[in-house]
Structure formats: structure tokens, C-alpha cells
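See below for the structure under consideration.
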Amino acid sequence: MTTIAVLGAGKIGEALLSGLLSGGRQPEDLLFTERYEERAAELTKHYGVRAVDVPTAAAEADVLVVAVKPQDIDPVLDELAPVVNERNLIVSLCAGLPTSLYERKLPDSIPVVRVMPNTPMLVGQAMSVISAGRHAQPQHLALVEELLSTVGEVIRVPESQQDAVTALSGSGPAYFFYLVEAMIDAGILLGLPRNVAEKLIIQSAVGAAAMLAETGEHPVTLREAVTSPAGTTIMAIRELERHGVRAALLAAIEAARDRSQELGKAHEA
Ligand SMILES: NC(=O)C1=CN([C@@H]2O[C@H](COP(=O)(O)OP(=O)(O)OC[C@H]3O[C@@H](n4cnc5c(N)ncnc54)[C@H](O)[C@@H]3O)[C@@H](O)[C@H]2O)C=CC1
Ligand SMILES: O=C(O)[C@@H]1CCC=N1
């Protein structure tokens, strides 16, 4: 069985550990590193997974999944460089960081796969997008695909598309949560009790997502089916258009893409 070590067990690191366990992996096939001892102890207690240091992770694991903030990558690379070995595959979940950064800092020919996951991994509904670095072979991509398919959907793209992917699906759940939050506020504005507003909006979001996923219909067709002539929905859509919501989304996602590019540039040689 492949042993996987997660380096940095924060939100995404924990989501991955938890998802892999739910997908049938055993706690003894998983390891993690974590700079905060208290956090490490809490995770070991909850999941039964062992906290280790980087040399132990490199010696015992086949796959080293880097899940620290992009700003925290330098000390991790410094720790990894002397201990990675030909058995290790590096999988980077870090927004913006190119595979070339790892290839430059780590010994020759270590394979690297860049992944942009998202937090619905916690409930087995991740969108993970993977790209091969220079030394990653088809079997490395296949292994990462197999691991991540236990926690959601996986697709492959060229690495040049990863900053755009990060802006769309990496950050994407946050946009939906923001929309849900604003719609619940609208319910409060209209005088509904908060628990009723929450129930209405969350179930509408779940229902709309299921229709998108299950019917194969285009979102425009699904929206048209809700929009009656001179009805209520078109009055709302007119306000959304008047307030430039579509343009705001285009600008917001472009800003997220730009930030991903910046995070990568901050680590250029
Ligand atoms: N949160 C999200 O929705 C997504 C995050 N990502 C990427 O995943 C990575 C992690 O993000 P989050 O989990 O949100 O951050 P986080 O801050 O929740 O987790 C990072 C963890 O790494 C630990 N850490 C930092 N330096 C360390 C070191 N040298 N050794 C051991 N542990 C160390 C921190 O204590 C923390 O627990 C980032 O690079 C981010 O770009 C990717 C997709 C989605
Ligand atoms: O906000 C961030 O930088 C991370 C990367 C994608 C989602 N969260």
C-alpha cells in the first residue's frame, strides 16, 4: 500500500487525511508533519494518524503532499532537500507555486505533481486539478489521480492553466458560500426567521447543484426554466444585471488568477 505523508496539516491537509481515511485508507498508511504540537496531538487523537518530522516522512512515505501556505514554503523545501529520495513523489497543493520551484530546490529528477484541490474534499466532493512537472511520469499522474479520486473528481490540465484553475475551483467554494450568506441576509431583510432563511437557501443551493450535476443541462436553460414572463425571477435578474454582478464575478476571478500568478512570481529565482 502506498504511504502518504501530508506536510502541513491545516484545513486542506486535514481534509485530505480525513478524506483518504473515509475512502478506505488505514491510519498506518498515513503520516503528517505539523509545526504546532497542539494541533498535531489533536489530529492524532482524532484520526489515529502519526505525526512525524520531515526526515521520517521522506524515509517512510512514497508520496509527500505539501500543504503549507505558499508563503511558508521556503523552510519546508530547506528541510526536504537533504532527505528526499528516489522513492518520493512530491505533490504540491500550494496555490501559485510552480513545479519548477521544487525542481530547482530539490535534488535532480525528483518527480513533482502540482494539484489544485478545494475544501469540499472534506465531504468527498473535491474538484482536484492536476499537472505534471518536468520529471513526473504517467505512473505518477495516475497515482495522484487514484489517490484524489477517493475524495472527489479529478481532471488533468497543462500547468500553464493552474493559476486560472486556482481562481475558479480552488477559490470557487468561497464564492458560493458568499452568495449563500448574502441570500440568507436577504431573507432576514424580508423578515423571515434566520433558521427558515438558512433552510430555504441551503436547500435551494443543494438542489440547484444537483440539477447542474445530474441533468447535464446548460445553466442558462435551467435558469430560463425558473424565469417566467413578467414573473418574479426576471425582476431579480434585472437588479443583478443593473448592479453589474456578472462583471463583478469576471473581475473577481481575474483578480484571484492574478494573485495566484503573484504568489508564484514571489518564488522565482
Ligand atoms: N484552503 C483552501 O481552500 C485551499 C488551500 N489550498 C492550498 O493549500 C495550502 C494549505 O492551505 P490551508 O490548509 O488553507 O492553510 P492552513 O494555514 O490551514 O494550513 C497550513 C498548515 O501548515 C502548517 N505548517 C506551516 N509551516 C509548516 C512547516 N514548516 N512544517 C509543518 N507544518 C507547517 C501550519 O501550522 C498549518 O497547520 C496552501 O498552499 C493553499 O494555497 C489549495 C486549495 C484550496
Ligand atoms: O485563498 C487561497 O489562497 C487558497 C488557494 C485556493 C483557495 N484557497
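Here's how to read the names in the C-alpha cells: chain A, B, ... by the order shown, residue numbers from 1 in each chain, ligand numbers from 1 in the order shown.
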
Practice task
Could you please extract the residues within 9 Å of ligand 2, counting only C-alpha atoms and all ligand atoms, and hand them back as a count of residues only?
Solution key: 24

Exercise for the section: Write out as number ranges by chain each polymer residue whose atoms come within 8 Å of A:Ala205, counting only C-alpha atoms; drop sequence neighbours fewer than 4 positions from it. Expected result: A: 180, 201, 209

Practice task
Please measure the separation of atom CA of A:Val206 and atom CA of A:Ala186, giving the value in Å to one decimal.
Solution key: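 Here the two named atoms are 18.2 Å from each other.
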
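Separating atom CA of A:Ile202 from atom CA of A:Tyr178 is a distance of 12.0 Å.
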
Practice task
Choose the residue, out of A:Glu28, A:Arg50, A:Met121, A:Val113, that has the smallest atom-to-atom separation from ligand 1; count only C-alpha atoms and all ligand atoms.
Solution key: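 Of A:Glu28, A:Arg50, A:Met121, A:Val113, the one nearest ligand 1, counting only C-alpha atoms and all ligand atoms, is A:Met121.
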
Exercise for the section: DSSP on the backbone, then: every residue of stretch 52-268 of chain A marked strand (DSSP E), written as JSON, numbers by chain. Expected result: {"A": [63, 64, 65, 66, 89, 90, 91, 92, 112, 113, 114, 115, 116, 126, 127, 128, 129, 130, 131, 132, 152, 153, 154, 155, 156]}

Practice task
Might you pull out every residue within 12 Å of A:Leu43, with only C-alpha atoms counted and same-chain residues fewer than 3 positions away left off, and present them as a list of chain:residue names?
Solution key: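 My list of contacting residues is A:Gly8, A:Ala9, A:Gly10, A:Lys11, A:Gly13, A:Glu14, A:Ala15, A:Leu17, A:Ser18, A:Pro27, A:Leu30, A:Leu31, A:Phe32, A:Thr33, A:Glu34, A:Tyr36, A:Glu37, A:Glu38, A:Arg39, A:Ala40, A:His46, A:Tyr47, A:Gly48, A:Val49, A:Arg50, A:Ala51.
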
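Residues in contact with A:Arg134 at up to 12 Å, not including ones fewer than 2 positions away on its chain and judged by only C-alpha atoms, are A:Pro98, A:Thr99, A:Ser100, A:Leu101, A:Tyr102, A:Glu103, A:Arg104, A:Asp108, A:Ser109, A:Ile110, A:Pro111, A:Val112, A:Val113, A:Arg114, A:Ser131, A:Ala132, A:Ala136, A:Gln137, A:Pro138, A:His140, A:Leu141, A:Pro158, A:Glu159.
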
Practice task
Please return as a ChimeraX atom specification: the residues of stretch 114-269 of chain A that backbone DSSP assigns to alpha helix (DSSP H).
Solution key: /A:138-148,162-165,172-189,194-215,219-226,232-242,245-265

Problem - Atom pair atom CA of A:Lys199 / atom CA of A:Gln125: separation (Å) - result: 20.9 Å

Problem - Counting only C-alpha atoms and all ligand atoms, the residue of A:Lys265, A:Arg25, A:Arg35, A:Lys45 that sits nearest ligand 1 - result: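 Ranked by minimum distance to ligand 1, first place goes to A:Arg35.
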
Practice task
Pick out the closest residue to ligand 1 from this set: A:Ile90, A:Asp29, A:Ser128, A:Pro107. Count only C-alpha atoms and all ligand atoms.
Solution key: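 Going through A:Ile90, A:Asp29, A:Ser128, A:Pro107 one by one, the smallest distance to ligand 1 is for A:Ser128.
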
Exercise for the section: Considering only C-alpha atoms and all ligand atoms, state which residue in the set A:Gly264, A:Gly124, A:Gly19, A:Pro229 is at the smallest distance from ligand 1. Expected result: A:Gly264

Practice task
Using only C-alpha atoms, pick whichever of A:Val151, A:Asn195, A:Pro75, A:Ala236 has the shortest atom-to-atom distance to A:Gly24.
Solution key: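 That would be A:Val151, the residue with the smallest distance to A:Gly24.
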
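Of the listed residues A:Leu21, A:Ala142, A:Val165, A:Val123, the one whose atoms come nearest to ligand 1 is A:Val165, with distances taken using only C-alpha atoms and all ligand atoms.
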
Handout entry: Surrounding residues of A:Ile237 excluding itself and chain neighbours under 5 positions, 12 Å, only C-alpha atoms, as a list in words
Key =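 That gives Arg223, Glu224, Val226, Thr227, Ser228, Ala230, Gly231, Thr232, Arg242, His243, Gly244, Val245 and Arg246 of chain A.
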